[in-house]
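Visitor: Next comes entry_30.txt, compact mmCIF, C-alpha atoms:
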```txt
# COMPACT_ATOMS: atom_id res chain seq x y z
CA MET I 1 75.81 37.15 -77.04
CA THR I 2 78.26 38.69 -79.50
CA ASP I 3 80.36 36.23 -81.51
CA THR I 4 83.94 36.70 -80.35
CA SER I 5 85.56 33.87 -82.28
CA LEU I 6 87.36 36.20 -84.73
CA LEU I 7 88.30 38.93 -82.28
CA PRO I 8 91.59 37.52 -80.95
CA ALA I 9 93.06 37.36 -84.49
CA GLU I 10 91.70 40.79 -85.37
CA PHE I 11 93.32 42.40 -82.34
CA ALA I 12 96.38 40.18 -82.00
CA GLY I 13 98.66 43.21 -82.27
CA LEU I 14 97.29 44.51 -78.97
CA ASP I 15 99.10 41.69 -77.18
CA LEU I 16 102.36 43.50 -77.90
CA LEU I 17 101.35 46.49 -75.78
CA ALA I 18 102.55 46.87 -72.20
CA THR I 19 99.36 48.71 -71.21
CA MET I 20 96.07 46.91 -70.60
CA VAL I 21 93.62 47.13 -73.50
CA ILE I 22 90.06 45.79 -73.62
CA ILE I 23 87.50 45.80 -76.43
CA ALA I 24 84.01 46.01 -74.94
CA SER I 25 80.43 46.23 -76.15
CA ALA I 26 78.21 49.17 -75.30
CA ASP I 27 76.64 47.25 -72.41
CA GLY I 28 80.05 46.35 -70.90
CA GLU I 29 80.55 42.83 -72.23
CA CYS I 30 84.28 42.10 -72.60
CA LEU I 31 84.89 41.02 -76.20
CA PHE I 32 88.66 40.94 -76.09
CA ALA I 33 91.45 41.65 -73.60
CA ASN I 34 95.15 41.74 -74.38
CA ALA I 35 97.90 39.78 -72.63
CA ALA I 36 98.76 42.65 -70.28
CA PHE I 37 95.22 42.63 -68.88
CA GLU I 38 95.24 38.84 -68.51
CA ASN I 39 98.53 39.07 -66.63
CA VAL I 40 97.27 41.66 -64.16
CA MET I 41 93.95 39.89 -63.56
CA ARG I 42 95.55 36.40 -63.43
CA LEU I 43 92.76 35.17 -65.71
CA SER I 44 92.72 33.30 -69.00
CA ARG I 45 91.34 34.94 -72.12
CA ARG I 46 88.39 32.55 -72.10
CA SER I 47 87.47 33.61 -68.57
CA VAL I 48 87.87 37.29 -69.44
CA GLN I 49 85.53 37.07 -72.42
CA LYS I 50 82.75 35.64 -70.25
CA ALA I 51 82.67 38.56 -67.84
CA GLN I 52 81.25 42.05 -67.63
CA LEU I 53 84.00 44.68 -67.59
CA PRO I 54 82.35 46.95 -64.96
CA ASP I 55 82.35 44.05 -62.48
CA TRP I 56 86.13 44.45 -62.13
CA PHE I 57 85.88 48.05 -60.91
CA ASP I 58 84.98 49.48 -57.52
CA ASP I 59 82.84 52.15 -59.21
CA ALA I 60 81.05 49.95 -61.74
CA GLN I 61 78.29 52.50 -62.38
CA ARG I 62 80.67 55.16 -63.65
CA LEU I 63 82.29 52.81 -66.17
CA THR I 64 78.89 51.51 -67.30
CA GLU I 65 77.66 55.05 -67.98
CA THR I 66 80.91 56.00 -69.73
CA LEU I 67 80.81 52.96 -72.03
CA ALA I 68 77.23 53.69 -72.98
CA GLY I 69 77.92 57.40 -73.55
CA VAL I 70 80.95 56.80 -75.79
CA ALA I 71 79.17 54.02 -77.74
CA ALA I 72 76.17 56.31 -78.31
CA ASN I 73 78.50 59.07 -79.58
CA HIS I 74 77.54 61.47 -76.79
CA TYR I 75 81.29 62.14 -76.59
CA SER I 76 84.24 60.63 -78.42
CA SER I 77 86.32 59.69 -75.39
CA SER I 78 86.48 59.96 -71.62
CA ARG I 79 89.21 59.71 -68.99
CA PHE I 80 89.02 59.09 -65.27
CA ASP I 81 90.88 57.34 -62.44
CA ALA I 82 89.49 54.15 -60.95
CA LEU I 83 90.37 51.16 -58.79
CA LEU I 84 90.67 47.82 -60.58
CA ARG I 85 89.73 44.80 -58.48
CA ARG I 86 91.71 41.63 -59.13
CA GLY I 87 89.26 39.00 -57.96
CA SER I 88 87.73 37.98 -54.65
CA TRP I 89 90.76 35.77 -53.98
CA ALA I 90 93.09 38.75 -54.30
CA HIS I 91 96.15 38.52 -52.15
CA GLU I 92 96.91 41.90 -53.66
CA ASP I 93 95.15 45.18 -53.06
CA GLY I 94 93.09 46.93 -55.71
CA LEU I 95 95.14 48.44 -58.53
CA PRO I 96 94.78 52.20 -59.15
CA VAL I 97 94.48 52.80 -62.90
CA HIS I 98 93.83 55.64 -65.31
CA VAL I 99 90.95 54.66 -67.60
CA ILE I 100 90.69 55.92 -71.19
CA VAL I 101 87.48 55.01 -73.03
CA SER I 102 87.43 55.76 -76.78
CA GLN I 103 85.21 55.13 -79.77
CA MET I 104 86.09 52.57 -82.41
CA ASP I 105 84.51 51.09 -85.53
CA ALA I 106 81.49 48.86 -85.10
CA GLY I 107 81.85 45.09 -85.38
CA GLY I 108 80.87 43.00 -88.36
CA ASP I 109 77.36 42.68 -86.97
CA GLY I 110 77.03 46.48 -86.76
CA ALA I 111 77.07 46.52 -82.96
CA PRO I 112 79.07 49.42 -81.46
CA ARG I 113 82.40 48.60 -79.82
CA VAL I 114 84.46 50.62 -77.37
CA LEU I 115 88.20 50.65 -76.75
CA VAL I 116 89.18 50.76 -73.07
CA GLU I 117 92.81 51.40 -72.10
CA LEU I 118 93.98 50.98 -68.52
CA ILE I 119 97.26 52.54 -67.43
CA GLU I 120 98.67 51.68 -64.02
CA ILE I 121 99.08 54.94 -62.17
CA ALA I 122 102.09 53.53 -60.34
CA GLN I 123 103.62 51.94 -63.45
CA GLN I 124 105.78 54.85 -64.53
CA ALA I 125 106.82 55.57 -60.97
CA ARG I 126 107.82 51.91 -60.57
CA GLN I 127 109.87 51.91 -63.77
CA ASP I 128 111.65 55.09 -62.68
CA ARG I 129 112.32 53.53 -59.26
CA ASP I 130 113.71 50.35 -60.87
CA GLU I 131 116.05 52.37 -63.08
CA ARG I 132 117.30 54.35 -60.11
CA SER I 133 117.72 51.13 -58.17
CA LEU I 134 119.83 49.59 -60.94
CA ASP I 135 122.13 52.59 -61.04
CA GLN I 136 122.37 52.66 -57.26
CA VAL I 137 123.09 48.94 -57.05
CA GLN I 138 125.91 49.18 -59.59
CA ALA I 139 127.49 52.04 -57.66
CA THR I 140 127.07 50.20 -54.35
CA LYS I 141 128.59 47.01 -55.76
CA GLU I 142 131.61 48.89 -57.03
CA LEU I 143 132.07 50.67 -53.70
CA THR I 144 131.62 47.44 -51.74
CA ARG I 145 134.08 45.52 -53.89
CA ASN I 146 136.75 48.22 -53.56
CA LEU I 147 136.16 48.54 -49.83
CA ALA I 148 136.31 44.77 -49.33
CA HIS I 149 139.65 44.56 -51.14
CA GLU I 150 141.05 47.44 -49.09
CA ILE I 151 140.01 45.66 -45.88
CA LYS I 152 141.21 42.24 -46.97
CA ASN I 153 144.78 43.26 -47.79
CA PRO I 154 145.84 44.44 -44.29
CA LEU I 155 143.61 41.89 -42.57
CA GLY I 156 145.92 39.01 -43.38
CA GLY I 157 148.88 40.96 -42.01
CA ILE I 158 147.04 41.72 -38.77
CA ARG I 159 146.15 38.07 -38.25
CA GLY I 160 149.67 36.89 -39.07
CA ALA I 161 151.21 39.40 -36.68
CA ALA I 162 148.83 38.31 -33.92
CA GLN I 163 149.83 34.67 -34.47
CA LEU I 164 153.52 35.53 -34.27
CA LEU I 165 152.94 37.61 -31.17
CA ALA I 166 151.04 34.73 -29.53
CA MET I 167 154.07 32.48 -30.04
CA GLU I 168 156.28 34.94 -28.12
CA ILE I 169 153.93 35.50 -25.17
CA ASP I 170 154.25 33.32 -22.08
CA SER I 171 151.43 34.92 -20.10
CA ARG I 172 148.12 33.09 -20.48
CA ALA I 173 146.23 36.30 -19.71
CA LEU I 174 147.97 38.19 -22.53
CA ALA I 175 147.46 35.25 -24.90
CA GLU I 176 143.71 35.77 -24.56
CA TYR I 177 144.11 39.18 -26.23
CA THR I 178 145.90 37.71 -29.24
CA ASP I 179 143.17 35.06 -29.47
CA VAL I 180 140.59 37.84 -29.64
CA ILE I 181 142.53 39.55 -32.45
CA ILE I 182 142.76 36.29 -34.42
CA ARG I 183 139.06 35.43 -33.95
CA GLU I 184 137.91 38.92 -34.96
CA ALA I 185 140.25 38.88 -37.96
CA ASP I 186 138.71 35.56 -39.03
CA ARG I 187 135.21 36.99 -38.59
CA LEU I 188 136.04 40.01 -40.72
CA GLN I 189 137.66 37.75 -43.31
CA SER I 190 134.44 35.74 -43.54
CA LEU I 191 132.42 38.95 -43.93
CA VAL I 192 134.70 40.21 -46.70
CA ASP I 193 134.50 36.85 -48.48
CA ARG I 194 130.71 37.09 -48.47
CA LEU I 195 130.87 40.63 -49.87
CA LEU I 196 133.12 39.44 -52.69
CA ALA I 197 131.26 36.15 -53.33
CA PRO I 198 129.04 37.38 -56.22
CA GLN I 199 132.10 38.61 -58.14
CA ARG I 200 134.05 35.37 -57.80
CA GLY I 201 133.98 32.69 -60.45
CA ALA I 202 131.93 32.32 -63.60
CA PRO I 203 128.29 31.25 -63.23
CA VAL I 204 127.46 27.61 -63.97
CA VAL I 205 124.66 27.95 -66.52
CA SER I 206 122.07 25.20 -66.93
CA ASP I 207 118.30 24.75 -67.15
CA VAL I 208 116.72 25.87 -63.89
CA ASN I 209 113.30 24.77 -62.67
CA ILE I 210 112.09 27.38 -60.18
CA HIS I 211 109.86 24.85 -58.43
CA GLU I 212 112.78 22.52 -57.75
CA VAL I 213 114.61 25.51 -56.27
CA CYS I 214 111.59 26.39 -54.11
CA GLU I 215 111.22 22.82 -52.87
CA ARG I 216 114.87 22.62 -51.82
CA VAL I 217 114.60 25.95 -50.03
CA ARG I 218 111.36 24.88 -48.36
CA SER I 219 112.98 21.70 -47.02
CA LEU I 220 116.01 23.58 -45.68
CA VAL I 221 114.01 26.28 -43.92
CA LEU I 222 111.51 23.83 -42.40
CA ALA I 223 114.46 21.79 -41.09
CA GLU I 224 115.79 24.97 -39.48
CA PHE I 225 112.34 25.97 -38.09
CA PRO I 226 110.60 22.61 -37.50
CA ARG I 227 107.78 23.93 -35.29
CA GLY I 228 105.37 26.84 -35.56
CA LEU I 229 106.08 27.65 -39.22
CA GLU I 230 104.01 26.66 -42.25
CA ILE I 231 105.36 27.13 -45.78
CA ARG I 232 102.56 26.92 -48.33
CA ARG I 233 102.99 26.24 -52.03
CA ASP I 234 101.03 28.00 -54.78
CA TYR I 235 102.79 27.00 -57.98
CA ASP I 236 101.94 27.56 -61.63
CA ALA I 237 102.98 24.17 -63.04
CA SER I 238 103.02 25.52 -66.61
CA LEU I 239 106.08 27.72 -66.01
CA PRO I 240 108.99 26.72 -68.26
CA GLU I 241 112.59 26.31 -67.17
CA PHE I 242 115.05 29.14 -67.74
CA ARG I 243 118.80 29.32 -68.27
CA GLY I 244 120.73 30.31 -65.19
CA ASP I 245 122.98 29.32 -62.33
CA ARG I 246 121.02 26.89 -60.18
CA GLU I 247 123.13 27.43 -57.07
CA GLN I 248 122.93 31.22 -57.31
CA MET I 249 119.15 31.08 -57.62
CA MET I 250 119.01 28.59 -54.78
CA GLN I 251 121.02 30.96 -52.56
CA ALA I 252 118.93 33.98 -53.58
CA VAL I 253 115.60 32.30 -52.76
CA LEU I 254 117.02 30.76 -49.58
CA ASN I 255 118.19 34.17 -48.35
CA ILE I 256 114.75 35.69 -48.95
CA VAL I 257 112.79 32.85 -47.33
CA ARG I 258 115.17 32.57 -44.39
CA ASN I 259 114.95 36.35 -43.88
CA ALA I 260 111.15 36.01 -43.79
CA ALA I 261 111.34 33.11 -41.31
CA GLU I 262 113.66 35.04 -39.00
CA ALA I 263 111.25 37.98 -39.05
CA LEU I 264 108.45 35.65 -37.91
CA GLY I 265 109.97 34.88 -34.51
CA ALA I 266 106.93 35.99 -32.49
CA ARG I 267 104.46 34.19 -34.75
CA ILE I 268 106.58 31.02 -34.75
CA ALA I 269 106.43 31.07 -30.95
CA ALA I 270 102.65 31.48 -31.21
CA GLY I 271 102.44 28.66 -33.78
CA ASP I 272 100.74 30.63 -36.58
CA ALA I 273 103.71 31.74 -38.73
CA ARG I 274 103.11 31.40 -42.46
CA ILE I 275 105.18 31.83 -45.60
CA VAL I 276 103.69 31.40 -49.08
CA LEU I 277 105.79 30.54 -52.15
CA ARG I 278 103.76 31.61 -55.18
CA THR I 279 104.87 31.37 -58.83
CA ARG I 280 103.18 33.03 -61.78
CA VAL I 281 103.98 34.13 -65.31
CA ALA I 282 104.04 37.81 -66.34
CA ARG I 283 103.73 39.06 -69.92
CA GLN I 284 105.23 42.07 -71.65
CA VAL I 285 107.38 43.25 -68.75
CA THR I 286 110.34 45.64 -68.68
CA LEU I 287 113.35 44.42 -66.71
CA GLY I 288 116.63 46.28 -66.60
CA ARG I 289 115.50 48.66 -69.36
CA GLN I 290 114.75 45.70 -71.65
CA ARG I 291 111.34 44.47 -72.77
CA HIS I 292 110.57 40.77 -72.32
CA ARG I 293 107.60 38.87 -73.70
CA LEU I 294 107.46 36.52 -70.71
CA ALA I 295 108.87 36.60 -67.19
CA LEU I 296 108.73 34.32 -64.18
CA VAL I 297 107.31 35.86 -61.02
CA LEU I 298 108.11 34.40 -57.60
CA HIS I 299 106.23 35.90 -54.65
CA VAL I 300 107.56 35.13 -51.18
CA GLU I 301 104.85 36.30 -48.77
CA ASP I 302 104.84 36.16 -44.98
CA ASN I 303 102.47 37.25 -42.23
CA GLY I 304 105.13 38.89 -40.09
CA PRO I 305 105.29 42.36 -38.57
CA GLY I 306 106.59 44.00 -41.75
CA VAL I 307 109.73 45.92 -42.58
CA PRO I 308 110.29 48.99 -40.38
CA ASP I 309 109.72 52.27 -42.19
CA SER I 310 113.26 53.36 -41.41
CA LEU I 311 114.68 50.38 -43.36
CA ARG I 312 112.17 50.06 -46.19
CA ASP I 313 114.16 52.10 -48.72
CA ARG I 314 117.50 50.59 -47.68
CA ILE I 315 116.64 46.94 -47.21
CA PHE I 316 118.80 45.72 -50.12
CA GLN I 317 121.83 47.82 -49.22
CA PRO I 318 124.81 45.94 -47.76
CA LEU I 319 125.26 45.80 -43.99
CA VAL I 320 121.70 47.06 -43.36
CA SER I 321 119.77 44.74 -41.05
CA GLY I 322 116.71 45.08 -38.87
CA ARG I 323 117.65 42.02 -36.81
CA GLU I 324 120.05 42.09 -33.91
CA GLY I 325 123.15 40.14 -34.87
CA GLY I 326 122.26 40.11 -38.57
CA SER I 327 125.03 40.70 -41.11
CA GLY I 328 122.82 42.68 -43.50
CA LEU I 329 124.17 40.73 -46.50
CA GLY I 330 121.43 38.15 -47.17
CA LEU I 331 119.11 40.38 -49.21
CA THR I 332 122.05 42.20 -50.81
CA LEU I 333 123.38 38.90 -52.17
CA ALA I 334 119.88 37.84 -53.23
CA GLN I 335 119.46 41.04 -55.22
CA THR I 336 122.89 40.61 -56.82
CA PHE I 337 122.19 37.03 -57.90
CA VAL I 338 118.75 37.94 -59.27
CA GLN I 339 120.17 40.86 -61.24
CA GLN I 340 122.89 38.61 -62.67
CA HIS I 341 119.99 36.65 -64.21
CA GLY I 342 118.59 39.83 -65.78
CA GLY I 343 115.83 40.07 -63.18
CA THR I 344 114.64 42.39 -60.44
CA ILE I 345 113.56 42.00 -56.84
CA ALA I 346 111.25 44.30 -54.90
CA CYS I 347 109.68 44.39 -51.47
CA ASN I 348 106.17 45.48 -50.51
CA SER I 349 105.54 45.50 -46.79
CA ALA I 350 102.82 46.28 -44.30
CA PRO I 351 102.11 44.91 -40.81
CA GLY I 352 100.80 41.37 -41.25
CA ARG I 353 101.88 40.99 -44.87
CA THR I 354 105.28 41.37 -46.50
CA THR I 355 105.95 40.23 -50.06
CA PHE I 356 109.23 39.91 -51.92
CA ASP I 357 108.63 39.80 -55.68
CA VAL I 358 111.32 38.24 -57.86
CA LEU I 359 111.04 38.61 -61.66
CA ILE I 360 113.26 36.59 -64.00
CA PRO I 361 112.99 36.85 -67.81
CA LEU I 362 111.92 33.67 -69.60
CA PRO I 363 113.06 32.61 -73.09
```
Would you write the structure of this file as C-alpha cells?
Guide:
Amino acid sequence: MTDTSLLPAEFAGLDLLATMVIIASADGECLFANAAFENVMRLSRRSVQKAQLPDWFDDAQRLTETLAGVAANHYSSSRFDALLRRGSWAHEDGLPVHVIVSQMDAGGDGAPRVLVELIEIAQQARQDRDERSLDQVQATKELTRNLAHEIKNPLGGIRGAAQLLAMEIDSRALAEYTDVIIREADRLQSLVDRLLAPQRGAPVVSDVNIHEVCERVRSLVLAEFPRGLEIRRDYDASLPEFRGDREQMMQAVLNIVRNAAEALGARIAAGDARIVLRTRVARQVTLGRQRHRLALVLHVEDNGPGVPDSLRDRIFQPLVSGREGGSGLGLTLAQTFVQQHGGTIACNSAPGRTTFDVLIPLP
C-alpha cells in the first residue's frame, strides 16, 4: 500500500477549495481527499484513505478505466457526469457530479498519481437560488413591515370605536356585533404583532448550544403530541457552540419541528410518525454570499406526506400555509431568525420524506 503519511501536508492547500478534490493512485486507491469531499461523504480522512475511489460511484467501471487511462498517459484528462454514492446508510439520495480526471506528477516512490475533481452539478444552481432567495426575502420583509404598520394604525381606532359603540348600545343582539368587531380586531392585532416580531428589540447574544436548543424543542413538541410521534436524535457531539440569540434559535427550530409534527397528522393517528433531529458540521460553505470555513447543519426530517407542489416554492413566504387554519407565519419567522444569524434554511420534500436544512456559520 502506498505511504500516505506525508500527503495531507503536501496537499493541505486543497482543503481551502469549495469543490471536492481527491488524489488517487492508478488503481483507484484514495491517497488524499480534501475537506469538501469529507463533508459530502460524512467520513473522516482516515476512513477515506482506506477506501477505493470507484466504490463510491454507481458506474465504478467507468471511473476505474478513466483513472488507468489518464495514469498511463493515454490521454491527459477526461470529463464525464456520474452519480456519487454517500454510503449505504445514506438518508440522502446519490449526488450528481461532474468528474474531471487529470494527470499530475508522480509520487516520491515514482508511482503515478491522478487528480480527481468532483463538481456538484446542482451546486451553482443552488447558490443562484440562495442569492435570489435572499433578495426576495429582503423585499418581502420590507413589504410585510410596511403593510403591518399600515394595518396596525387604523386597527386601534376601529377597536376603540367598537368599544365606545358597545357602551351606547342597549340591545343584547346588537352588542354581539360589536363583540365580533373587537374580537376580530384583537386577532388581527396579534397577527400584526407576529409579523413585526423579528424587527422588534435587539437580539440577546450569548453562546448557543444547538443540542440544548433541540432538546428543549423536542420536549415541547412531545408534550404537545404525546402519542403516535417519535422524535429521534442523531447528534454530532463535537459541534462547538456559536454566538447568537438563544430564544430566536429556539423559536426557529420549534416552528420547523412543530410544522413537521402538524403535517404528520395521519401518521400520528396510525402511530408511526417520525421526526429526526440530525446535526452535522459542514466545511467551506457559502452563506449569504460569504465563505465560511465551518458551518453547523441541522436537518429536521419527517416521514410525512411532503409539501404540495403548489406550495414548494412559496413555503417561506408570509401568510402561505398548506394547513387549514394555519397562519402561514411559522416558517417565515424561522427563516427570518436563521438569516439574522447569517444562516440559510432550505426545504427538500417528497412523499414520505421531507427535510428542512438549517445552516449556521460557526466561528
Visitor: Just give me the gap between atom CA of I:Ser25 and atom CA of I:Ala68 in Å, one decimal is fine.
Guide: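 A separation of 8.7 Å between them.
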Visitor: Could you work out how far atom CA of I:Leu17 lies from atom CA of I:Val116, giving the answer in Å with one decimal?
Guide: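 Taking atom CA of I:Val116 as the start and atom CA of I:Leu17 as the end point, the length is 13.2 Å.
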Visitor: Tell me, as a ChimeraX atom specification, which residues lie within 6 Å of stretch 71-84 of chain I, counting all atoms listed in the file; anything in the same chain fewer than 5 positions away does not count.
Guide: /I:26,56-58,94-103,112
Visitor: List every protein, DNA or RNA residue that has at least one atom no more than 12 Å from (106.7, 39.3, -58.5) in the file's coordinates, counting all atoms listed in the file, and write the result as a PDB file with C-alpha atoms, in the coordinates of the input.
Guide:
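And here is the file that came out, point.pdb:
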```
ATOM      1  CA  ASN I  39      98.530  39.070 -66.630  1.00  0.00           C
ATOM      2  CA  VAL I  40      97.270  41.660 -64.160  1.00  0.00           C
ATOM      3  CA  GLU I  92      96.910  41.900 -53.660  1.00  0.00           C
ATOM      4  CA  LEU I 277     105.790  30.540 -52.150  1.00  0.00           C
ATOM      5  CA  ARG I 278     103.760  31.610 -55.180  1.00  0.00           C
ATOM      6  CA  THR I 279     104.870  31.370 -58.830  1.00  0.00           C
ATOM      7  CA  ARG I 280     103.180  33.030 -61.780  1.00  0.00           C
ATOM      8  CA  VAL I 281     103.980  34.130 -65.310  1.00  0.00           C
ATOM      9  CA  ALA I 282     104.040  37.810 -66.340  1.00  0.00           C
ATOM     10  CA  ARG I 283     103.730  39.060 -69.920  1.00  0.00           C
ATOM     11  CA  VAL I 285     107.380  43.250 -68.750  1.00  0.00           C
ATOM     12  CA  LEU I 287     113.350  44.420 -66.710  1.00  0.00           C
ATOM     13  CA  ALA I 295     108.870  36.600 -67.190  1.00  0.00           C
ATOM     14  CA  LEU I 296     108.730  34.320 -64.180  1.00  0.00           C
ATOM     15  CA  VAL I 297     107.310  35.860 -61.020  1.00  0.00           C
ATOM     16  CA  LEU I 298     108.110  34.400 -57.600  1.00  0.00           C
ATOM     17  CA  HIS I 299     106.230  35.900 -54.650  1.00  0.00           C
ATOM     18  CA  VAL I 300     107.560  35.130 -51.180  1.00  0.00           C
ATOM     19  CA  GLU I 301     104.850  36.300 -48.770  1.00  0.00           C
ATOM     20  CA  GLY I 343     115.830  40.070 -63.180  1.00  0.00           C
ATOM     21  CA  THR I 344     114.640  42.390 -60.440  1.00  0.00           C
ATOM     22  CA  ILE I 345     113.560  42.000 -56.840  1.00  0.00           C
ATOM     23  CA  ALA I 346     111.250  44.300 -54.900  1.00  0.00           C
ATOM     24  CA  CYS I 347     109.680  44.390 -51.470  1.00  0.00           C
ATOM     25  CA  ASN I 348     106.170  45.480 -50.510  1.00  0.00           C
ATOM     26  CA  THR I 355     105.950  40.230 -50.060  1.00  0.00           C
ATOM     27  CA  PHE I 356     109.230  39.910 -51.920  1.00  0.00           C
ATOM     28  CA  ASP I 357     108.630  39.800 -55.680  1.00  0.00           C
ATOM     29  CA  VAL I 358     111.320  38.240 -57.860  1.00  0.00           C
ATOM     30  CA  LEU I 359     111.040  38.610 -61.660  1.00  0.00           C
ATOM     31  CA  ILE I 360     113.260  36.590 -64.000  1.00  0.00           C
ATOM     32  CA  PRO I 361     112.990  36.850 -67.810  1.00  0.00           C
TER      33      PRO I 361
END
```
Visitor: Can you work out which one of I:Ala18, I:Gln189, I:Ile181, I:Gln290 has the shortest atom-to-atom distance to I:Glu117, counting all atoms listed in the file?
Guide: I:Ala18
Visitor: Mind pulling up the distance from atom CA of I:Val217 to atom CA of I:Ile231?
Guide: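 Interatomic distance, atom CA of I:Ile231 to atom CA of I:Val217: 10.2 Å.
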Visitor: Skip I:Asn209 itself and residues of its chain fewer than 2 positions away, then list as number ranges by chain all residues within 6 Å of it, counting only C-alpha atoms.
Guide: I: 211-212, 241
Visitor: Store the residues picked out above in a file with C-alpha atoms, as an mmCIF file, keeping the file's coordinate frame.
Guide:
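Wrote part-v4.cif, looks like this:
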```cif
data_model
loop_
_atom_site.group_PDB
_atom_site.id
_atom_site.type_symbol
_atom_site.label_atom_id
_atom_site.label_comp_id
_atom_site.auth_asym_id
_atom_site.auth_seq_id
_atom_site.Cartn_x
_atom_site.Cartn_y
_atom_site.Cartn_z
ATOM 1 C CA HIS I 211 109.860 24.850 -58.430
ATOM 2 C CA GLU I 212 112.780 22.520 -57.750
ATOM 3 C CA GLU I 241 112.590 26.310 -67.170
#
```
Visitor: Quick one: what's the axis-aligned box for stretch 176-185 of chain I, all listed atoms, 8 Å on every side, centre and edges in Å to one decimal, as JSON?
Guide:
```
{"center_x": 141.9, "center_y": 37.3, "center_z": -31.3, "size_x": 24.0, "size_y": 20.5, "size_z": 29.4}
```
Visitor: Hey, what's within 8 Å of stretch 52-55 of chain I if we count only C-alpha atoms and toss same-chain stuff fewer than 6 positions away? As a list in words, please?
Guide: Ala24, Gly28, Glu29, Cys30, Gln61, Leu63 and Thr64 of chain I
Visitor: With all atoms listed in the file as the basis for distance, which of I:Ala334, I:Thr178, I:Ala185, I:Phe316 is at the shortest distance from I:Ala166?
Guide: I:Thr178
Visitor: Check the smallest atom-to-atom distance from each of I:Leu220, I:Leu16, I:Ile210, I:Ile23 to I:Ala106 using all atoms listed in the file, then report the winner.
Guide: I:Ile23
Visitor: Between I:Arg46, I:Glu247, I:Leu311, I:Lys152, single out the one closest to I:Ser190, counting all atoms listed in the file.
Guide: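 Of I:Arg46, I:Glu247, I:Leu311, I:Lys152, the one nearest I:Ser190, counting all atoms listed in the file, is I:Lys152.
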Visitor: Is there a way to get, as a ChimeraX atom specification, all residues within 10 Å of the point (93.2, 34.8, -73.1) in file coordinates, counting all atoms listed in the file?
Guide: /I:8,15,32-35,37-39,43-49
Visitor: Could you dump the residues just selected with C-alpha atoms as a short mmCIF file (atom, residue, chain, number, x, y, z; two decimals), in the coordinates of the input?
Guide:
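As written to disk, out_39.cif reads:
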```
data_model
loop_
_atom_site.label_atom_id
_atom_site.label_comp_id
_atom_site.auth_asym_id
_atom_site.auth_seq_id
_atom_site.Cartn_x
_atom_site.Cartn_y
_atom_site.Cartn_z
CA PRO I 8 91.59 37.52 -80.95
CA ASP I 15 99.10 41.69 -77.18
CA PHE I 32 88.66 40.94 -76.09
CA ALA I 33 91.45 41.65 -73.60
CA ASN I 34 95.15 41.74 -74.38
CA ALA I 35 97.90 39.78 -72.63
CA PHE I 37 95.22 42.63 -68.88
CA GLU I 38 95.24 38.84 -68.51
CA ASN I 39 98.53 39.07 -66.63
CA LEU I 43 92.76 35.17 -65.71
CA SER I 44 92.72 33.30 -69.00
CA ARG I 45 91.34 34.94 -72.12
CA ARG I 46 88.39 32.55 -72.10
CA SER I 47 87.47 33.61 -68.57
CA VAL I 48 87.87 37.29 -69.44
CA GLN I 49 85.53 37.07 -72.42
#
```
Visitor: Considering all atoms listed in the file, can you say which of I:Cys214, I:Val21, I:Val70, I:Val114 comes closest to I:Arg232?
Guide: I:Cys214
Visitor: With only C-alpha atoms as the basis for distance, which of I:Glu224, I:Asp170, I:Asp302, I:Asp186 is at the shortest distance from I:Thr354?
Guide: I:Asp302
